[in-house]
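Peer 1: Handing over upload00.cif, mmCIF, C-alpha atoms.
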data_upload
#
loop_
_atom_site.label_atom_id
_atom_site.label_comp_id
_atom_site.auth_asym_id
_atom_site.auth_seq_id
_atom_site.Cartn_x
_atom_site.Cartn_y
_atom_site.Cartn_z
CA MET D 408 92.17 165.48 115.44
CA SER D 409 89.45 162.94 115.59
CA LYS D 410 88.14 164.35 118.92
CA MET D 411 89.02 167.28 115.77
CA SER D 412 83.87 178.98 94.67
CA THR D 413 85.82 181.08 94.73
CA HIS D 414 82.31 181.82 94.13
CA VAL D 415 83.53 185.34 93.95
CA SER D 416 80.21 187.07 93.86
CA SER D 417 79.22 188.08 90.37
CA LEU D 418 77.98 191.27 91.95
CA ALA D 419 81.53 192.04 93.03
CA ARG D 420 82.89 191.32 89.55
CA HIS D 421 80.23 192.91 87.41
CA GLY D 422 78.38 195.35 89.64
CA ALA D 423 74.86 196.43 88.82
CA VAL D 424 74.82 194.56 85.50
CA ALA D 425 75.18 191.25 87.30
CA ALA D 426 72.50 192.27 89.77
CA ALA D 427 70.10 192.74 86.89
CA VAL D 428 71.12 189.40 85.39
CA LEU D 429 70.55 187.62 88.68
CA ALA D 430 67.17 189.27 89.03
CA LEU D 431 66.21 187.81 85.67
CA GLY D 432 67.27 184.35 86.80
CA THR D 433 70.05 183.92 84.24
CA PRO D 434 72.57 181.23 85.31
CA VAL D 435 75.86 182.59 86.65
CA ALA D 436 79.14 180.70 86.20
CA TRP D 437 80.89 179.44 89.32
CA ALA D 438 84.60 178.94 89.70
CA GLY D 439 85.87 175.37 90.01
CA GLY D 440 86.44 173.67 93.34
CA LEU D 441 90.22 174.04 93.19
CA ASP D 442 89.88 177.75 92.39
CA SER D 443 87.53 178.12 95.35
CA LEU D 444 89.94 176.30 97.65
CA ALA D 445 92.83 178.46 96.40
CA GLN D 446 90.81 181.61 97.09
CA PHE D 447 89.77 180.40 100.55
CA VAL D 448 93.31 179.48 101.59
CA LYS D 449 94.89 182.66 100.22
CA SER D 450 92.24 185.26 101.06
CA THR D 451 90.70 184.01 104.30
CA ARG D 452 93.30 185.00 106.87
CA SER D 453 91.08 184.42 109.89
CA GLY D 454 87.60 183.23 110.72
CA LYS D 455 85.22 181.77 113.23
CA ALA D 456 82.23 179.45 113.07
CA ALA D 457 80.06 177.00 114.95
CA PHE D 458 80.45 173.34 114.08
CA ALA D 459 78.84 169.95 114.54
CA GLN D 460 80.95 166.81 114.24
CA VAL D 461 79.66 163.29 113.62
CA VAL D 462 82.20 160.50 114.08
CA THR D 463 81.19 157.09 112.71
CA ALA D 464 83.17 153.98 113.61
CA PRO D 465 83.17 151.01 111.20
CA ALA D 466 80.56 148.34 111.80
CA LYS D 467 81.54 145.30 113.79
CA GLU D 468 80.35 141.85 112.78
CA GLY D 469 76.62 141.61 113.36
CA GLN D 470 76.36 145.23 114.50
CA PRO D 471 75.55 148.51 112.72
CA PRO D 472 78.09 151.35 112.55
CA ARG D 473 78.34 153.40 115.76
CA SER D 474 78.15 157.19 115.63
CA LYS D 475 78.63 159.97 118.14
CA THR D 476 77.90 163.67 117.74
CA GLN D 477 79.86 166.59 119.17
CA SER D 478 79.49 170.34 118.76
CA GLY D 479 81.26 173.55 119.61
CA THR D 480 82.99 176.61 118.18
CA PHE D 481 86.02 177.11 115.95
CA GLU D 482 88.36 180.08 115.42
CA PHE D 483 91.54 180.39 113.36
CA GLN D 484 94.19 182.81 112.18
CA ARG D 485 96.77 182.08 109.52
CA PRO D 486 99.43 180.95 109.65
CA GLY D 487 99.01 178.05 112.03
CA LYS D 488 96.79 179.29 114.84
CA PHE D 489 93.39 177.83 115.70
CA ARG D 490 91.07 176.98 118.56
CA PHE D 491 88.43 174.25 118.74
CA VAL D 492 86.16 174.32 121.78
CA TYR D 493 83.99 171.22 122.16
CA SER D 494 81.07 171.94 124.47
CA LYS D 495 78.81 168.90 123.95
CA PRO D 496 78.68 166.17 125.06
CA PHE D 497 82.11 166.54 126.74
CA GLU D 498 84.22 169.62 127.29
CA GLN D 499 87.49 169.67 125.39
CA THR D 500 89.68 172.47 124.04
CA ILE D 501 92.30 172.22 121.28
CA VAL D 502 94.57 175.24 120.78
CA ALA D 503 97.39 175.73 118.28
CA ASP D 504 99.43 178.79 119.22
CA GLY D 505 101.86 178.64 116.29
CA LYS D 506 104.43 176.49 118.06
CA THR D 507 102.56 174.08 120.33
CA LEU D 508 99.35 172.10 119.92
CA TRP D 509 97.50 171.93 123.24
CA LEU D 510 94.68 169.49 123.99
CA HIS D 511 92.78 169.96 127.25
CA ASP D 512 90.40 167.18 128.25
CA VAL D 513 88.32 168.50 131.14
CA ASP D 514 86.88 165.11 132.16
CA LEU D 515 90.32 163.53 132.34
CA ASN D 516 91.81 166.63 134.01
CA GLN D 517 94.65 166.28 131.52
CA VAL D 518 96.53 168.46 129.03
CA THR D 519 98.62 167.08 126.16
CA ALA D 520 101.21 169.33 124.49
CA ARG D 521 102.91 168.52 121.16
CA LYS D 522 105.09 170.50 118.77
CA GLN D 523 102.94 171.74 115.87
CA GLU D 524 105.61 171.17 113.24
CA GLN D 525 105.52 167.46 114.06
CA VAL D 526 101.77 166.97 113.83
CA LEU D 527 100.10 169.48 111.49
CA GLY D 528 101.70 168.77 108.08
CA ALA D 529 99.30 166.59 106.10
CA THR D 530 96.25 167.09 108.34
CA PRO D 531 92.87 168.85 108.03
CA ALA D 532 94.36 171.71 110.07
CA ALA D 533 96.76 172.46 107.21
CA ILE D 534 93.81 173.09 104.89
CA VAL D 535 91.81 175.12 107.38
CA ALA D 536 94.43 177.22 109.13
CA ALA D 537 98.05 176.46 108.32
CA ALA D 538 98.81 176.49 104.59
CA PRO D 539 99.37 180.00 103.13
CA ASP D 540 98.38 179.06 99.57
CA LEU D 541 97.40 176.17 97.28
CA LYS D 542 101.02 175.39 96.34
CA ALA D 543 101.83 174.75 99.99
CA LEU D 544 98.91 172.31 100.21
CA GLU D 545 100.02 170.54 97.04
CA LYS D 546 103.35 169.71 98.68
CA ASP D 547 101.53 167.45 101.14
CA PHE D 548 98.33 166.51 99.28
CA THR D 549 97.14 165.33 95.89
CA LEU D 550 94.12 167.57 95.22
CA THR D 551 91.25 166.56 92.92
CA GLU D 552 88.01 168.35 92.10
CA GLU D 553 84.80 166.40 92.67
CA PRO D 554 81.26 167.11 91.39
CA ASP D 555 79.24 169.81 93.14
CA SER D 556 76.62 168.55 95.59
CA ASP D 557 74.58 169.81 98.54
CA GLY D 558 75.13 173.39 97.38
CA GLN D 559 78.88 173.05 97.81
CA GLN D 560 81.96 172.63 95.63
CA TRP D 561 84.16 169.72 96.63
CA VAL D 562 87.87 168.97 96.57
CA LYS D 563 89.36 165.66 97.66
CA ALA D 564 92.77 165.78 99.33
CA ILE D 565 94.86 162.61 99.65
CA PRO D 566 98.11 162.79 101.68
CA LYS D 567 101.20 162.13 99.59
CA SER D 568 102.82 160.50 102.60
CA ARG D 569 101.06 157.26 103.49
CA ASP D 570 102.78 156.88 106.86
CA GLY D 571 100.01 158.44 108.96
CA GLN D 572 96.48 157.36 109.82
CA LEU D 573 94.78 159.90 107.55
CA GLN D 574 93.45 158.42 104.30
CA SER D 575 91.59 161.32 102.73
CA ILE D 576 89.82 164.62 103.31
CA ARG D 577 86.87 165.98 101.33
CA VAL D 578 86.56 169.75 101.57
CA GLY D 579 83.16 171.33 100.88
CA LEU D 580 83.14 175.05 100.02
CA LYS D 581 80.06 177.22 99.70
CA PRO D 582 79.56 180.81 98.48
CA GLY D 583 79.40 183.61 100.99
CA PRO D 584 79.35 187.42 100.98
CA GLY D 585 83.15 187.55 101.23
CA GLY D 586 83.88 184.69 98.83
CA ALA D 587 84.27 180.97 99.40
CA GLU D 588 83.46 179.73 102.90
CA LEU D 589 84.30 176.42 104.52
CA GLY D 590 81.13 174.35 104.72
CA THR D 591 82.18 170.76 105.41
CA LEU D 592 85.19 168.58 106.16
CA GLU D 593 84.83 164.82 105.66
CA ILE D 594 87.78 162.92 107.11
CA GLN D 595 88.47 159.22 106.54
CA ASP D 596 91.20 157.38 108.43
CA SER D 597 92.98 154.09 107.85
CA PHE D 598 90.91 152.35 110.55
CA GLY D 599 87.68 152.98 108.63
CA GLN D 600 86.51 155.76 110.93
CA ARG D 601 84.72 158.67 109.25
CA SER D 602 84.42 162.13 110.77
CA VAL D 603 82.19 164.82 109.26
CA LEU D 604 82.46 168.42 110.49
CA THR D 605 79.71 170.78 109.33
CA PHE D 606 80.34 174.50 109.82
CA SER D 607 77.69 177.20 110.24
CA HIS D 608 77.61 180.96 110.90
CA PHE D 609 81.04 181.22 109.27
CA GLU D 610 82.60 184.69 109.58
CA VAL D 611 85.33 185.30 107.00
CA ASN D 612 88.32 187.38 108.14
CA ALA D 613 86.73 187.91 111.53
CA ALA D 614 88.65 189.81 114.19
CA VAL D 615 89.71 187.17 116.71
CA PRO D 616 91.51 188.25 119.91
CA ALA D 617 95.12 187.05 120.07
CA SER D 618 94.41 185.69 123.55
CA HIS D 619 92.16 183.02 122.03
CA PHE D 620 95.26 181.37 120.55
CA GLN D 621 97.13 181.29 123.84
CA PHE D 622 96.86 178.47 126.33
CA THR D 623 98.07 178.05 129.89
CA PRO D 624 97.36 174.70 131.55
CA PRO D 625 95.00 175.13 134.51
CA LYS D 626 96.44 174.51 137.94
CA GLY D 627 96.23 170.93 139.11
CA VAL D 628 95.97 169.22 135.70
CA ASP D 629 98.34 166.54 134.48
CA VAL D 630 100.47 167.84 131.58
CA LEU D 631 101.86 165.33 129.09
CA ARG D 632 104.47 166.54 126.60
CA ASN D 633 105.21 164.46 123.49
#
If you took the structure in this file and wrote it as structure tokens, what would it be?
Peer 2:
Amino acid sequence: MSKMSTHVSSLARHGAVAAAVLALGTPVAWAGGLDSLAQFVKSTRSGKAAFAQVVTAPAKEGQPPRSKTQSGTFEFQRPGKFRFVYSKPFEQTIVADGKTLWLHDVDLNQVTARKQEQVLGATPAAIVAAAPDLKALEKDFTLTEEPDSDGQQWVKAIPKSRDGQLQSIRVGLKPGPGGAELGTLEIQDSFGQRSVLTFSHFEVNAAVPASHFQFTPPKGVDVLRN
């Protein structure tokens, strides 16, 4: 999809005592990145957020790297349903309804439909919306904790199958009122292209209408089925 801790609050764990500790400025222990990812995958059954995506192509000889920025909204519901709506600079919608992955490119007046089971295994979508728990992720990825930075805990995911274009994913998780929230996805592919998605206004376990995960190709568009 290129054109795609547990910081369980100490207040929740320790109540008013922790509130007093925080008020005094005493450091509070955070869970590790893998624990945060496990909590996010298991406990966050749905969500929605705004996102900005910066895609950087590798530099050509004598030229600097080329970047382009896109933005839009994101919604998901486990297991296996999500919706990306790109609004700038070009309109594009990606919908996974649980069986089919739909990609609607407005400028091209074209819809591409693919079976989800064939395309969403070892992909960023598995981390965000498909996998039910950490064990399911570990079937497809080797997961490694990385040092905290930028106010986030980081986990690096490397696909166990090296047949695809995906090289690695870095997942940044930040604390929120309901537990760990998805902050950043950094995706590196085998062609040297790097895509960074930054999420904001993340709503954990938000109520998302079922209709948002349904897609009917508009009349008059070309539909390609792979």
Peer 1: To verify the selection step, state as a PyMOL selection string which residues the PyMOL selection byres ((chain D and resi 523-535) around 6) yields on this input.
Peer 2: chain D and resi 506-508+522+536-538+547+566
Peer 1: So which one's closest to D:Leu544, D:Thr591, D:Gln484, D:Pro584, D:Lys563? Using all atoms listed in the file, please.
Peer 2: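 Closest to D:Leu544, using all atoms listed in the file: D:Lys563.
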Peer 1: Leaving out stretch 611-628 of chain D and any residue of its chain fewer than 4 positions from it, which residues lie within 7 Å of it when counting all atoms listed in the file, given as JSON, numbers by chain?
Peer 2: {"D": [451, 452, 453, 454, 455, 488, 489, 490, 502, 503, 504, 516, 517, 518, 585]}
Peer 1: Pull out every residue that the PyMOL selection byres ((chain D and resi 439-449) around 10) matches in the shown coordinates and put them as a PyMOL selection string.
Peer 2: chain D and resi 412-415+436-438+450-453+485+533-544+550-555+559-563+578-582+585-589+611
Peer 1: Taking C-alpha atoms for each residue, export the selection above as a CSV table (one decimal), in the frame of the given file.
Peer 2:
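Contents of part33.csv, as written:
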chain,number,residue,atom,x,y,z
D,412,SER,CA,83.9,179.0,94.7
D,413,THR,CA,85.8,181.1,94.7
D,414,HIS,CA,82.3,181.8,94.1
D,415,VAL,CA,83.5,185.3,94.0
D,436,ALA,CA,79.1,180.7,86.2
D,437,TRP,CA,80.9,179.4,89.3
D,438,ALA,CA,84.6,178.9,89.7
D,450,SER,CA,92.2,185.3,101.1
D,451,THR,CA,90.7,184.0,104.3
D,452,ARG,CA,93.3,185.0,106.9
D,453,SER,CA,91.1,184.4,109.9
D,485,ARG,CA,96.8,182.1,109.5
D,533,ALA,CA,96.8,172.5,107.2
D,534,ILE,CA,93.8,173.1,104.9
D,535,VAL,CA,91.8,175.1,107.4
D,536,ALA,CA,94.4,177.2,109.1
D,537,ALA,CA,98.0,176.5,108.3
D,538,ALA,CA,98.8,176.5,104.6
D,539,PRO,CA,99.4,180.0,103.1
D,540,ASP,CA,98.4,179.1,99.6
D,541,LEU,CA,97.4,176.2,97.3
D,542,LYS,CA,101.0,175.4,96.3
D,543,ALA,CA,101.8,174.8,100.0
D,544,LEU,CA,98.9,172.3,100.2
D,550,LEU,CA,94.1,167.6,95.2
D,551,THR,CA,91.2,166.6,92.9
D,552,GLU,CA,88.0,168.4,92.1
D,553,GLU,CA,84.8,166.4,92.7
D,554,PRO,CA,81.3,167.1,91.4
D,555,ASP,CA,79.2,169.8,93.1
D,559,GLN,CA,78.9,173.0,97.8
D,560,GLN,CA,82.0,172.6,95.6
D,561,TRP,CA,84.2,169.7,96.6
D,562,VAL,CA,87.9,169.0,96.6
D,563,LYS,CA,89.4,165.7,97.7
D,578,VAL,CA,86.6,169.8,101.6
D,579,GLY,CA,83.2,171.3,100.9
D,580,LEU,CA,83.1,175.0,100.0
D,581,LYS,CA,80.1,177.2,99.7
D,582,PRO,CA,79.6,180.8,98.5
D,585,GLY,CA,83.2,187.6,101.2
D,586,GLY,CA,83.9,184.7,98.8
D,587,ALA,CA,84.3,181.0,99.4
D,588,GLU,CA,83.5,179.7,102.9
D,589,LEU,CA,84.3,176.4,104.5
D,611,VAL,CA,85.3,185.3,107.0
Peer 1: Would you kindly translate the PyMOL selection byres ((chain D and resi 512) around 9) into the concrete residues it picks from this file, as a PyMOL selection string?
Peer 2: chain D and resi 497-501+510-511+513-519
Peer 1: I'd like the interatomic distance between atom CA of D:Pro465 and atom CA of D:Gln574, to a tenth of an Å.
Peer 2: 14.4 Å
Peer 1: May I ask for the distance between atom CA of D:Phe609 and atom CA of D:Tyr493, given in Å to one decimal place?
Peer 2: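 Separation between atom CA of D:Phe609 and atom CA of D:Tyr493: 16.6 Å.
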Peer 1: Measuring atom to atom with only C-alpha atoms, identify which of D:Glu468, D:Ala520, D:Gly558, D:Leu604 is nearest to D:Asp629.
Peer 2: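 Comparing D:Glu468, D:Ala520, D:Gly558, D:Leu604 against D:Asp629, the winner is D:Ala520.
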Peer 1: One number please: atom CA of D:Thr463 to atom CA of D:Arg569, in Å, one decimal.
Peer 2: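 Straight-line distance from atom CA of D:Thr463 to atom CA of D:Arg569 works out to 21.9 Å.
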Peer 1: The centre and edge lengths of an axis-aligned box containing all atoms of stretch 607-615 of chain D present in the file, extended by 6 Å on each side, are to be given in Å to one decimal, as JSON.
Peer 2:
{"center_x": 83.7, "center_y": 183.5, "center_z": 111.9, "size_x": 24.1, "size_y": 24.6, "size_z": 21.7}
Peer 1: Assuming the input is short of atoms at stretch 553-588 of chain D, produce N, CA and C atoms for that part as a PDB file, in the coordinates of the input.
Peer 2:
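This went into result.pdb:
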ATOM      1  N   GLU D 553      85.897 167.347  92.742  1.00  0.00           N
ATOM      2  CA  GLU D 553      84.800 166.400  92.670  1.00  0.00           C
ATOM      3  C   GLU D 553      83.528 167.147  92.286  1.00  0.00           C
ATOM      4  N   PRO D 554      82.492 166.434  91.819  1.00  0.00           N
ATOM      5  CA  PRO D 554      81.260 167.110  91.390  1.00  0.00           C
ATOM      6  C   PRO D 554      80.607 167.901  92.524  1.00  0.00           C
ATOM      7  N   ASP D 555      79.979 169.014  92.168  1.00  0.00           N
ATOM      8  CA  ASP D 555      79.240 169.810  93.140  1.00  0.00           C
ATOM      9  C   ASP D 555      78.078 168.989  93.701  1.00  0.00           C
ATOM     10  N   SER D 556      77.790 169.176  94.979  1.00  0.00           N
ATOM     11  CA  SER D 556      76.620 168.550  95.590  1.00  0.00           C
ATOM     12  C   SER D 556      76.290 169.275  96.885  1.00  0.00           C
ATOM     13  N   ASP D 557      75.040 169.193  97.294  1.00  0.00           N
ATOM     14  CA  ASP D 557      74.580 169.810  98.540  1.00  0.00           C
ATOM     15  C   ASP D 557      74.896 171.306  98.592  1.00  0.00           C
ATOM     16  N   GLY D 558      74.869 171.964  97.423  1.00  0.00           N
ATOM     17  CA  GLY D 558      75.130 173.390  97.380  1.00  0.00           C
ATOM     18  C   GLY D 558      76.571 173.772  97.653  1.00  0.00           C
ATOM     19  N   GLN D 559      77.476 172.801  97.533  1.00  0.00           N
ATOM     20  CA  GLN D 559      78.880 173.050  97.810  1.00  0.00           C
ATOM     21  C   GLN D 559      79.757 172.545  96.662  1.00  0.00           C
ATOM     22  N   GLN D 560      80.935 173.134  96.532  1.00  0.00           N
ATOM     23  CA  GLN D 560      81.960 172.630  95.630  1.00  0.00           C
ATOM     24  C   GLN D 560      82.922 171.786  96.458  1.00  0.00           C
ATOM     25  N   TRP D 561      83.397 170.689  95.856  1.00  0.00           N
ATOM     26  CA  TRP D 561      84.160 169.720  96.630  1.00  0.00           C
ATOM     27  C   TRP D 561      85.546 169.486  96.041  1.00  0.00           C
ATOM     28  N   VAL D 562      86.509 169.350  96.936  1.00  0.00           N
ATOM     29  CA  VAL D 562      87.870 168.970  96.570  1.00  0.00           C
ATOM     30  C   VAL D 562      88.286 167.814  97.476  1.00  0.00           C
ATOM     31  N   LYS D 563      88.846 166.779  96.869  1.00  0.00           N
ATOM     32  CA  LYS D 563      89.360 165.660  97.660  1.00  0.00           C
ATOM     33  C   LYS D 563      90.863 165.800  97.807  1.00  0.00           C
ATOM     34  N   ALA D 564      91.340 165.665  99.029  1.00  0.00           N
ATOM     35  CA  ALA D 564      92.770 165.780  99.330  1.00  0.00           C
ATOM     36  C   ALA D 564      93.269 164.456  99.884  1.00  0.00           C
ATOM     37  N   ILE D 565      94.265 163.876  99.206  1.00  0.00           N
ATOM     38  CA  ILE D 565      94.860 162.610  99.650  1.00  0.00           C
ATOM     39  C   ILE D 565      96.315 162.878 100.034  1.00  0.00           C
ATOM     40  N   PRO D 566      96.718 162.541 101.259  1.00  0.00           N
ATOM     41  CA  PRO D 566      98.110 162.790 101.680  1.00  0.00           C
ATOM     42  C   PRO D 566      99.102 162.066 100.781  1.00  0.00           C
ATOM     43  N   LYS D 567     100.167 162.761 100.401  1.00  0.00           N
ATOM     44  CA  LYS D 567     101.200 162.130  99.590  1.00  0.00           C
ATOM     45  C   LYS D 567     102.026 161.152 100.423  1.00  0.00           C
ATOM     46  N   SER D 568     102.165 161.439 101.701  1.00  0.00           N
ATOM     47  CA  SER D 568     102.820 160.500 102.600  1.00  0.00           C
ATOM     48  C   SER D 568     101.774 159.544 103.151  1.00  0.00           C
ATOM     49  N   ARG D 569     102.020 158.260 103.035  1.00  0.00           N
ATOM     50  CA  ARG D 569     101.060 157.260 103.490  1.00  0.00           C
ATOM     51  C   ARG D 569     101.440 156.688 104.848  1.00  0.00           C
ATOM     52  N   ASP D 570     102.304 157.394 105.577  1.00  0.00           N
ATOM     53  CA  ASP D 570     102.780 156.880 106.860  1.00  0.00           C
ATOM     54  C   ASP D 570     101.772 157.087 107.989  1.00  0.00           C
ATOM     55  N   GLY D 571     100.933 158.116 107.876  1.00  0.00           N
ATOM     56  CA  GLY D 571     100.010 158.440 108.960  1.00  0.00           C
ATOM     57  C   GLY D 571      98.699 157.686 108.862  1.00  0.00           C
ATOM     58  N   GLN D 572      97.779 158.018 109.759  1.00  0.00           N
ATOM     59  CA  GLN D 572      96.480 157.360 109.820  1.00  0.00           C
ATOM     60  C   GLN D 572      95.471 157.977 108.862  1.00  0.00           C
ATOM     61  N   LEU D 573      95.728 159.204 108.407  1.00  0.00           N
ATOM     62  CA  LEU D 573      94.780 159.900 107.550  1.00  0.00           C
ATOM     63  C   LEU D 573      94.778 159.304 106.142  1.00  0.00           C
ATOM     64  N   GLN D 574      93.582 158.945 105.654  1.00  0.00           N
ATOM     65  CA  GLN D 574      93.450 158.420 104.300  1.00  0.00           C
ATOM     66  C   GLN D 574      93.055 159.499 103.305  1.00  0.00           C
ATOM     67  N   SER D 575      92.052 160.293 103.650  1.00  0.00           N
ATOM     68  CA  SER D 575      91.590 161.320 102.730  1.00  0.00           C
ATOM     69  C   SER D 575      90.773 162.368 103.463  1.00  0.00           C
ATOM     70  N   ILE D 576      90.666 163.541 102.818  1.00  0.00           N
ATOM     71  CA  ILE D 576      89.820 164.620 103.310  1.00  0.00           C
ATOM     72  C   ILE D 576      89.002 165.132 102.131  1.00  0.00           C
ATOM     73  N   ARG D 577      87.707 165.293 102.317  1.00  0.00           N
ATOM     74  CA  ARG D 577      86.870 165.980 101.330  1.00  0.00           C
ATOM     75  C   ARG D 577      86.510 167.342 101.906  1.00  0.00           C
ATOM     76  N   VAL D 578      86.801 168.384 101.127  1.00  0.00           N
ATOM     77  CA  VAL D 578      86.560 169.750 101.570  1.00  0.00           C
ATOM     78  C   VAL D 578      85.375 170.309 100.796  1.00  0.00           C
ATOM     79  N   GLY D 579      84.332 170.721 101.506  1.00  0.00           N
ATOM     80  CA  GLY D 579      83.160 171.330 100.880  1.00  0.00           C
ATOM     81  C   GLY D 579      83.190 172.834 101.078  1.00  0.00           C
ATOM     82  N   LEU D 580      83.098 173.584  99.982  1.00  0.00           N
ATOM     83  CA  LEU D 580      83.140 175.050 100.020  1.00  0.00           C
ATOM     84  C   LEU D 580      81.835 175.606  99.471  1.00  0.00           C
ATOM     85  N   LYS D 581      81.309 176.619 100.141  1.00  0.00           N
ATOM     86  CA  LYS D 581      80.060 177.220  99.700  1.00  0.00           C
ATOM     87  C   LYS D 581      80.242 178.726  99.535  1.00  0.00           C
ATOM     88  N   PRO D 582      79.406 179.369  98.703  1.00  0.00           N
ATOM     89  CA  PRO D 582      79.560 180.810  98.480  1.00  0.00           C
ATOM     90  C   PRO D 582      79.089 181.616  99.670  1.00  0.00           C
ATOM     91  N   GLY D 583      79.786 182.706  99.921  1.00  0.00           N
ATOM     92  CA  GLY D 583      79.400 183.610 100.990  1.00  0.00           C
ATOM     93  C   GLY D 583      79.622 185.044 100.554  1.00  0.00           C
ATOM     94  N   PRO D 584      79.207 186.007 101.350  1.00  0.00           N
ATOM     95  CA  PRO D 584      79.350 187.420 100.980  1.00  0.00           C
ATOM     96  C   PRO D 584      80.795 187.830 100.714  1.00  0.00           C
ATOM     97  N   GLY D 585      81.747 187.189 101.412  1.00  0.00           N
ATOM     98  CA  GLY D 585      83.150 187.550 101.230  1.00  0.00           C
ATOM     99  C   GLY D 585      83.917 186.595 100.352  1.00  0.00           C
ATOM    100  N   GLY D 586      83.211 185.687  99.652  1.00  0.00           N
ATOM    101  CA  GLY D 586      83.880 184.690  98.830  1.00  0.00           C
ATOM    102  C   GLY D 586      83.595 183.298  99.331  1.00  0.00           C
ATOM    103  N   ALA D 587      84.485 182.361  99.011  1.00  0.00           N
ATOM    104  CA  ALA D 587      84.270 180.970  99.400  1.00  0.00           C
ATOM    105  C   ALA D 587      84.370 180.809 100.916  1.00  0.00           C
ATOM    106  N   GLU D 588      83.454 180.031 101.474  1.00  0.00           N
ATOM    107  CA  GLU D 588      83.460 179.730 102.900  1.00  0.00           C
ATOM    108  C   GLU D 588      83.578 178.223 103.094  1.00  0.00           C
TER     109      GLU D 588
END
